[in-house]
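J.: Have a look at the structure that comes next, please.
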Amino acid sequence: MNLKEMLKFADEIVFAKTGQHLDDLQEAVLRGTLQRETYKEIAKDFDCSESRVREVGSELWRILSEQLGEEVSKSNFRSSMERFQVSIYSNVAQEESVQINSVNVCGEARHPPNIPNSHPPNQETSHHDLSEMPELGAFYDRTPELETLTTSILQQRCRLIALTGISGIGKTTLAAQLVQQIKDEFEYVVWCSLDASSTLAKFEANSIQFFSQSEKQDSLATNPKTLPLIKYFQKHRCLVVLDDIHNLFSSGELAGKYKPGYEEYRSFFKQIETLSHQSCFLLIGWEQPREVTQVKNQNTSIRTLQLTGLDIAAGREILRDYGVGEIENYSALIHRYQGNPLWLKSVATLIQELGGGVTELLPYDTILLPEDLKDVLEE
Ligand SMILES: Nc1ncnc2c1ncn2[C@@H]1O[C@H](COP(=O)(O)OP(=O)(O)O)[C@@H](O)[C@H]1O
Ligand SMILES: [Mg+2]
């Protein structure tokens with residue numbers, strides 16, 4: 001970046017924060033700093049008091065620090081800007097534009113320096129918080145889905161993936177199996193099951209605490225400075241699973257509309273999609289955010305996978321686990337319950353209780369509806 005580009009970049013950052021472009025004095029302070037002038041010299045050039053220049057300078061360093069997520073001062077302004085440029089372009093070699101907070105930075109004809117875009121994960125420095133991930137039981141089928149997700153996450157480096165499907169279809173189970181398979185590729189792996197109390201503020205606070213505590217363990221510093229959350233996703237390769245994201249959306253509305261108090265997630269997911277970072281968010285639920293639905297075909301950093309039922313062979317394995325795999329019309333039964341493993345488990349329990357022969361007595365199109373399934377369907 002030359003001087004003019006650095007000033008333009010700084011102007012965009014300040015504009016994103018304040019809604020105003022750099023004024024003449026602010027620009028003079030930044031220009032003088034880049035030319036290694038003292039505050040006194042800048043004040044003399046601009047014909048104003050040194051204290052005024054210092055005041056303007058410290059306000060600028062405060063805004064830049066906040067927006068870039070690291071301490072920026074007169075002594076490191078140039079190197080901070082250069083470092084940011086390197087981190088942006090090394091991570092988005094393929095893309096045309098990225099955002100820093102809400103600053104668009106266009107690729108122009110710059111060539112990214114040839115540095116690797118992630119640290120290879122190291123077992124000793126990897127941190128997993130999978131306490132909210134359900135334990136895996138028997139797992140059948142899903143080979144194509146696992147392959148698709150693995151490719152999207154590891155090879156294509158998608159930043160946001162929505163895994164959707166109706167209740168009981170096996171989203172959580174599939175994601176848990178996936179996490180077991182790929183978790184060693186990441187420095188940080190976090191599983192959060194969202195509920196009605198999971199505001200963005202709470203998620204951010206918990207995540208920052210997790211990251212800063214883990215960093216404390218890895219570094220000698222007793223109290224490393226906490227960073228804005230996005231900085232951790234830029235600094236480390238993280239896999240974040242947010243399960244049950246339908247809890248963020250209003251029911252009785254078109255899919256993907258945030259409940260009051262949860263709208264902040266929209267800009268957060270937007271940041272995850274557009275900012276330069278090396279992490280991946282897997283969003284699981286009945287619905288996906290509208291932003292994801294809208295951009296899925298145009299943006300390569302986003303994917304959606306709509307999960308459908310298990311095939312007949314896998315469905316039969318589930319019936320076998322319940323001792324009813326040998327019933328005569330098992331494939332019609334699996335078909336009728338659309339290969340939904342939760343429904344199959346539930347109906348298998350009922351058949352077992354009624355005695356396996358019951359299905360032969362029932363007319364072809366009867367659907368047994370156990371009590372627990374009624375509750376699920378009502379939801
Ligand atoms: N591939 C699978 N093989 C075996 N059982 C499965 C599979 N997928 C889901 N299940 C079972 O079906 C039930 C519902 O799955 P779950 O992942 O909780 O669904 P969802 O998250 O879509 O609501 C669970 O009891 C789970 O163990
Ligand atoms: Mg689930």
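Each chain in the structure tokens gets a letter, A, B and so on, in the order shown; residues start at 1 in every chain, and ligands are counted from 1 in the order they appear.
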What do you get as an MDAnalysis selection string if you pick all residues at most 12 Å from ligand 2, counting only C-alpha atoms and all ligand atoms?
T.: chainID A and resid 132:134 163:176 192:195 241:247 283:287 307 341:342 376
J.: Residues of the last selection are to be written out with N, CA and C atoms, as a short mmCIF file (atom, residue, chain, number, x, y, z; two decimals), in the first residue's frame.
T.:
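Okay, part.cif is ready:
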```cif
data_model
loop_
_atom_site.label_atom_id
_atom_site.label_comp_id
_atom_site.auth_asym_id
_atom_site.auth_seq_id
_atom_site.Cartn_x
_atom_site.Cartn_y
_atom_site.Cartn_z
N GLU A 132 -21.86 -29.32 24.63
CA GLU A 132 -23.28 -29.28 24.26
C GLU A 132 -23.60 -30.19 23.07
N MET A 133 -22.58 -30.87 22.58
CA MET A 133 -22.84 -31.76 21.43
C MET A 133 -23.37 -33.10 21.95
N PRO A 134 -24.50 -33.59 21.39
CA PRO A 134 -25.02 -34.86 21.88
C PRO A 134 -24.07 -36.01 21.57
N LEU A 163 -27.44 -26.20 7.47
CA LEU A 163 -27.92 -27.58 7.35
C LEU A 163 -29.36 -27.56 7.85
N THR A 164 -30.30 -27.79 6.92
CA THR A 164 -31.71 -27.64 7.31
C THR A 164 -32.48 -28.95 7.09
N GLY A 165 -33.67 -29.00 7.65
CA GLY A 165 -34.53 -30.17 7.49
C GLY A 165 -35.48 -30.24 8.66
N ILE A 166 -36.56 -31.03 8.49
CA ILE A 166 -37.56 -31.05 9.55
C ILE A 166 -37.04 -31.77 10.79
N SER A 167 -37.74 -31.55 11.85
CA SER A 167 -37.36 -32.13 13.13
C SER A 167 -37.23 -33.65 13.03
N GLY A 168 -36.19 -34.19 13.59
CA GLY A 168 -36.01 -35.63 13.66
C GLY A 168 -35.37 -36.25 12.43
N ILE A 169 -35.07 -35.45 11.43
CA ILE A 169 -34.54 -36.01 10.18
C ILE A 169 -33.07 -36.44 10.33
N GLY A 170 -32.41 -35.91 11.36
CA GLY A 170 -31.04 -36.36 11.64
C GLY A 170 -29.97 -35.29 11.45
N LYS A 171 -30.34 -34.02 11.53
CA LYS A 171 -29.37 -32.94 11.33
C LYS A 171 -28.30 -32.93 12.43
N THR A 172 -28.76 -32.95 13.66
CA THR A 172 -27.82 -32.87 14.78
C THR A 172 -26.88 -34.08 14.76
N THR A 173 -27.47 -35.24 14.49
CA THR A 173 -26.66 -36.47 14.48
C THR A 173 -25.62 -36.42 13.36
N LEU A 174 -26.03 -35.96 12.20
CA LEU A 174 -25.10 -35.86 11.08
C LEU A 174 -23.97 -34.88 11.41
N ALA A 175 -24.34 -33.74 11.99
CA ALA A 175 -23.32 -32.74 12.31
C ALA A 175 -22.35 -33.28 13.37
N ALA A 176 -22.88 -34.02 14.34
CA ALA A 176 -22.01 -34.58 15.38
C ALA A 176 -21.02 -35.57 14.78
N CYS A 192 -22.59 -25.02 19.99
CA CYS A 192 -23.56 -24.29 20.83
C CYS A 192 -24.96 -24.69 20.42
N SER A 193 -25.75 -25.16 21.36
CA SER A 193 -27.16 -25.42 21.07
C SER A 193 -27.92 -24.19 21.52
N LEU A 194 -28.55 -23.52 20.56
CA LEU A 194 -29.21 -22.26 20.89
C LEU A 194 -30.59 -22.51 21.46
N ASP A 195 -30.94 -21.71 22.45
CA ASP A 195 -32.30 -21.80 22.98
C ASP A 195 -32.87 -20.39 23.08
N VAL A 241 -20.34 -24.71 15.51
CA VAL A 241 -21.63 -25.30 15.15
C VAL A 241 -22.70 -24.62 16.00
N LEU A 242 -23.67 -24.03 15.35
CA LEU A 242 -24.81 -23.45 16.07
C LEU A 242 -26.03 -24.31 15.76
N ASP A 243 -26.44 -25.10 16.75
CA ASP A 243 -27.56 -26.01 16.53
C ASP A 243 -28.87 -25.34 16.97
N ASP A 244 -29.95 -25.79 16.34
CA ASP A 244 -31.29 -25.28 16.68
C ASP A 244 -31.43 -23.78 16.45
N ILE A 245 -30.89 -23.31 15.32
CA ILE A 245 -30.99 -21.85 15.09
C ILE A 245 -32.43 -21.42 14.82
N HIS A 246 -33.36 -22.39 14.61
CA HIS A 246 -34.76 -21.95 14.45
C HIS A 246 -35.26 -21.23 15.69
N ASN A 247 -34.57 -21.43 16.83
CA ASN A 247 -34.97 -20.70 18.04
C ASN A 247 -34.76 -19.19 17.92
N LEU A 283 -24.62 -23.79 10.58
CA LEU A 283 -25.89 -23.41 11.21
C LEU A 283 -26.91 -24.52 10.98
N ILE A 284 -27.50 -25.03 12.05
CA ILE A 284 -28.42 -26.16 11.92
C ILE A 284 -29.80 -25.79 12.43
N GLY A 285 -30.82 -26.13 11.67
CA GLY A 285 -32.17 -25.85 12.16
C GLY A 285 -33.23 -26.18 11.13
N TRP A 286 -34.50 -25.96 11.51
CA TRP A 286 -35.62 -26.19 10.58
C TRP A 286 -35.59 -25.13 9.50
N GLU A 287 -35.15 -23.92 9.91
CA GLU A 287 -35.12 -22.80 8.98
C GLU A 287 -33.70 -22.27 8.93
N LEU A 307 -31.51 -31.60 4.39
CA LEU A 307 -31.41 -33.03 4.68
C LEU A 307 -32.75 -33.73 4.47
N PRO A 341 -35.54 -40.72 10.86
CA PRO A 341 -35.09 -41.67 11.89
C PRO A 341 -35.81 -41.51 13.22
N LEU A 342 -36.17 -40.27 13.56
CA LEU A 342 -36.87 -40.09 14.83
C LEU A 342 -38.25 -40.75 14.78
N VAL A 376 -44.09 -33.76 18.51
CA VAL A 376 -43.09 -33.27 17.54
C VAL A 376 -43.79 -32.64 16.34
#
```
J.: Skip Ser80 (chain A) itself and residues of its chain fewer than 2 positions away, then list as a ChimeraX atom specification all residues within 12 Å of it, counting only C-alpha atoms.
T.: /A:1,6,9-10,34,61,64-65,67-78,82-87
J.: Region 201-209 of chain A: which residues within 9 Å, counting only C-alpha atoms, same-chain residues fewer than 5 positions away excluded, as a PyMOL selection string?
T.: chain A and resi 190+192+194+214+226-229+232+264
J.: Put those residues in a file: N, CA and C atoms, as a tab-separated table (two decimals), in the first residue's frame.
T.:
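Below is the file part26.tsv, written as the result:
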```
chain	number	residue	atom	x	y	z
A	190	VAL	N	-16.26	-25.42	18.51
A	190	VAL	CA	-17.26	-25.10	19.53
A	190	VAL	C	-18.63	-25.55	19.04
A	192	CYS	N	-22.59	-25.02	19.99
A	192	CYS	CA	-23.56	-24.29	20.83
A	192	CYS	C	-24.96	-24.69	20.42
A	194	LEU	N	-28.55	-23.52	20.56
A	194	LEU	CA	-29.21	-22.26	20.89
A	194	LEU	C	-30.59	-22.51	21.46
A	214	SER	N	-8.53	-19.98	26.51
A	214	SER	CA	-7.69	-20.95	25.81
A	214	SER	C	-6.37	-20.33	25.41
A	226	THR	N	-8.38	-9.26	25.67
A	226	THR	CA	-9.46	-9.87	24.88
A	226	THR	C	-9.66	-9.04	23.61
A	227	LEU	N	-10.11	-9.72	22.56
A	227	LEU	CA	-10.25	-9.08	21.25
A	227	LEU	C	-11.72	-9.09	20.85
A	228	PRO	N	-12.10	-8.27	19.89
A	228	PRO	CA	-13.46	-8.42	19.33
A	228	PRO	C	-13.58	-9.83	18.76
A	229	LEU	N	-14.77	-10.41	18.85
A	229	LEU	CA	-14.94	-11.82	18.50
A	229	LEU	C	-14.41	-12.16	17.11
A	232	TYR	N	-10.84	-13.37	16.61
A	232	TYR	CA	-10.46	-14.76	16.91
A	232	TYR	C	-10.71	-15.65	15.70
A	264	GLU	N	-29.74	-8.88	15.81
A	264	GLU	CA	-28.29	-8.63	15.69
A	264	GLU	C	-27.57	-9.79	15.02
```
J.: Determine the nearest neighbour of ligand 1 from the options A:Asp141, A:Glu371, A:Asp311, A:Glu353, counting only C-alpha atoms and all ligand atoms.
T.: A:Asp141
J.: Which distance in Å separates CA of Ile334 (chain A) and CA of Val179 (chain A), to one decimal?
T.: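 It comes out at 27.5 Å.
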J.: In Å, with one decimal, what is the gap from CA of Phe139 (chain A) to atom 5 (N, counted along the ligand's line) of ligand 1?
T.: 4.9 Å
J.: To one decimal place, how far is CA of Ala138 (chain A) from atom 4 (C, counted along the ligand's line) of ligand 1 in Å?
T.: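 Straight-line distance from CA of Ala138 (chain A) to atom 4 (C, counted along the ligand's line) of ligand 1 works out to 5.1 Å.
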J.: Pick from A:Phe210, A:Tyr140, A:Tyr337, A:Tyr258: nearest to ligand 1, with only C-alpha atoms and all ligand atoms counted?
T.: A:Tyr140
J.: Extract, using only C-alpha atoms, all DNA, RNA and protein residues at most 10 Å from region 314-328 of chain A, discarding same-chain residues fewer than 3 positions from it, and format them as a ChimeraX atom specification.
T.: /A:138-142,309-311,331-335,337-342,344-352,355-360
J.: Step one, run DSSP on the backbone; step two, keep only residues of region 158-355 of chain A assigned to helix (DSSP H, G or I); then write them as a VMD selection string.
T.: chain A and resid 171 to 185 200 to 218 229 to 235 245 to 248 264 to 274 290 to 295 312 to 321 330 to 336 341 to 354
J.: Return the single residue from A:Gln156, A:Ser79, A:Gln234, A:Gln306 that is closest to ligand 1, with distances computed using only C-alpha atoms and all ligand atoms.
T.: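 Between A:Gln156, A:Ser79, A:Gln234, A:Gln306, the residue approaching ligand 1 most closely is A:Gln306.
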J.: Would you mind listing what lies within 9 Å of Phe281 (chain A) as a PDB file with N, CA and C atoms, in the first residue's frame, with only C-alpha atoms counted and same-chain residues fewer than 2 positions away left out?
T.:
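File selection-v2.pdb, as written:
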```
ATOM      1  N   CYS A 158     -15.703 -22.970   2.846  1.00  0.00           N
ATOM      2  CA  CYS A 158     -16.905 -22.164   2.999  1.00  0.00           C
ATOM      3  C   CYS A 158     -16.924 -21.592   4.417  1.00  0.00           C
ATOM      4  N   ARG A 159     -17.472 -20.408   4.541  1.00  0.00           N
ATOM      5  CA  ARG A 159     -17.479 -19.768   5.861  1.00  0.00           C
ATOM      6  C   ARG A 159     -18.801 -19.963   6.588  1.00  0.00           C
ATOM      7  N   LEU A 160     -19.855 -20.195   5.808  1.00  0.00           N
ATOM      8  CA  LEU A 160     -21.183 -20.307   6.424  1.00  0.00           C
ATOM      9  C   LEU A 160     -21.929 -21.438   5.724  1.00  0.00           C
ATOM     10  N   ILE A 161     -22.349 -22.433   6.505  1.00  0.00           N
ATOM     11  CA  ILE A 161     -23.076 -23.546   5.910  1.00  0.00           C
ATOM     12  C   ILE A 161     -24.360 -23.748   6.698  1.00  0.00           C
ATOM     13  N   ALA A 162     -25.475 -23.799   5.983  1.00  0.00           N
ATOM     14  CA  ALA A 162     -26.747 -24.032   6.661  1.00  0.00           C
ATOM     15  C   ALA A 162     -27.171 -25.469   6.399  1.00  0.00           C
ATOM     16  N   CYS A 238     -11.296 -21.908  13.091  1.00  0.00           N
ATOM     17  CA  CYS A 238     -12.305 -22.376  14.063  1.00  0.00           C
ATOM     18  C   CYS A 238     -13.483 -22.995  13.326  1.00  0.00           C
ATOM     19  N   LEU A 239     -14.068 -23.993  13.958  1.00  0.00           N
ATOM     20  CA  LEU A 239     -15.327 -24.561  13.462  1.00  0.00           C
ATOM     21  C   LEU A 239     -16.364 -24.290  14.554  1.00  0.00           C
ATOM     22  N   VAL A 240     -17.411 -23.563  14.187  1.00  0.00           N
ATOM     23  CA  VAL A 240     -18.448 -23.248  15.168  1.00  0.00           C
ATOM     24  C   VAL A 240     -19.755 -23.851  14.688  1.00  0.00           C
ATOM     25  N   VAL A 241     -20.341 -24.706  15.514  1.00  0.00           N
ATOM     26  CA  VAL A 241     -21.633 -25.298  15.154  1.00  0.00           C
ATOM     27  C   VAL A 241     -22.698 -24.619  16.004  1.00  0.00           C
ATOM     28  N   LEU A 242     -23.674 -24.027  15.348  1.00  0.00           N
ATOM     29  CA  LEU A 242     -24.815 -23.446  16.073  1.00  0.00           C
ATOM     30  C   LEU A 242     -26.030 -24.311  15.762  1.00  0.00           C
ATOM     31  N   PHE A 269     -24.018 -12.772  11.110  1.00  0.00           N
ATOM     32  CA  PHE A 269     -23.850 -13.790  10.058  1.00  0.00           C
ATOM     33  C   PHE A 269     -23.337 -13.148   8.769  1.00  0.00           C
ATOM     34  N   ILE A 272     -19.709 -12.868   9.126  1.00  0.00           N
ATOM     35  CA  ILE A 272     -19.071 -14.172   8.968  1.00  0.00           C
ATOM     36  C   ILE A 272     -18.989 -14.530   7.488  1.00  0.00           C
ATOM     37  N   SER A 279     -12.415 -19.203   9.406  1.00  0.00           N
ATOM     38  CA  SER A 279     -13.254 -20.110  10.190  1.00  0.00           C
ATOM     39  C   SER A 279     -14.529 -20.491   9.454  1.00  0.00           C
ATOM     40  N   LEU A 283     -24.618 -23.791  10.579  1.00  0.00           N
ATOM     41  CA  LEU A 283     -25.892 -23.410  11.206  1.00  0.00           C
ATOM     42  C   LEU A 283     -26.908 -24.519  10.976  1.00  0.00           C
TER      43      LEU A 283
END
```
J.: Give me the residues near Phe46 (chain A) as a list in words, where near means some atom within 8 Å (using only C-alpha atoms) and where sequence neighbours in that chain fewer than 4 positions away do not count.
T.: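 Using only C-alpha atoms, the neighbours found are Leu25, Ala28 and Ile42 of chain A.
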J.: Which residues are near Asp23 (chain A)? Cut-off 12 Å, only C-alpha atoms, ignore same chain within fewer than 6 positions. Put them as a PDB file with N, CA and C atoms, in the first residue's frame.
T.:
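The result, stored in selection.pdb:
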```
ATOM      1  N   LEU A   7      -4.151   6.146   3.232  1.00  0.00           N
ATOM      2  CA  LEU A   7      -5.079   7.202   3.671  1.00  0.00           C
ATOM      3  C   LEU A   7      -6.510   6.858   3.266  1.00  0.00           C
ATOM      4  N   ALA A  10      -7.744   4.146   5.580  1.00  0.00           N
ATOM      5  CA  ALA A  10      -8.075   4.705   6.899  1.00  0.00           C
ATOM      6  C   ALA A  10      -9.376   5.503   6.819  1.00  0.00           C
ATOM      7  N   ASP A  11      -9.544   6.227   5.724  1.00  0.00           N
ATOM      8  CA  ASP A  11     -10.764   7.019   5.550  1.00  0.00           C
ATOM      9  C   ASP A  11     -12.001   6.106   5.548  1.00  0.00           C
ATOM     10  N   VAL A  14     -12.681   4.916   9.129  1.00  0.00           N
ATOM     11  CA  VAL A  14     -13.271   5.980   9.951  1.00  0.00           C
ATOM     12  C   VAL A  14     -14.710   6.250   9.509  1.00  0.00           C
ATOM     13  N   PHE A  15     -14.939   6.233   8.214  1.00  0.00           N
ATOM     14  CA  PHE A  15     -16.291   6.480   7.700  1.00  0.00           C
ATOM     15  C   PHE A  15     -17.264   5.408   8.196  1.00  0.00           C
ATOM     16  N   VAL A  29      -2.931  14.646  10.104  1.00  0.00           N
ATOM     17  CA  VAL A  29      -2.312  13.864  11.190  1.00  0.00           C
ATOM     18  C   VAL A  29      -1.858  12.498  10.660  1.00  0.00           C
ATOM     19  N   LEU A  30      -2.735  11.860   9.877  1.00  0.00           N
ATOM     20  CA  LEU A  30      -2.383  10.529   9.359  1.00  0.00           C
ATOM     21  C   LEU A  30      -1.242  10.642   8.333  1.00  0.00           C
ATOM     22  N   VAL A  56      -6.655  15.139  18.213  1.00  0.00           N
ATOM     23  CA  VAL A  56      -7.205  14.529  16.991  1.00  0.00           C
ATOM     24  C   VAL A  56      -6.552  13.162  16.756  1.00  0.00           C
ATOM     25  N   LEU A  60      -8.300   9.388  16.574  1.00  0.00           N
ATOM     26  CA  LEU A  60      -8.135   8.513  15.398  1.00  0.00           C
ATOM     27  C   LEU A  60      -7.604   7.146  15.805  1.00  0.00           C
TER      28      LEU A  60
END
```
J.: Quick one: of A:Glu41, A:Glu59, A:Glu145, A:Glu50, who's nearest to ligand 1, counting only C-alpha atoms and all ligand atoms?
T.: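 Closest candidate: A:Glu145.
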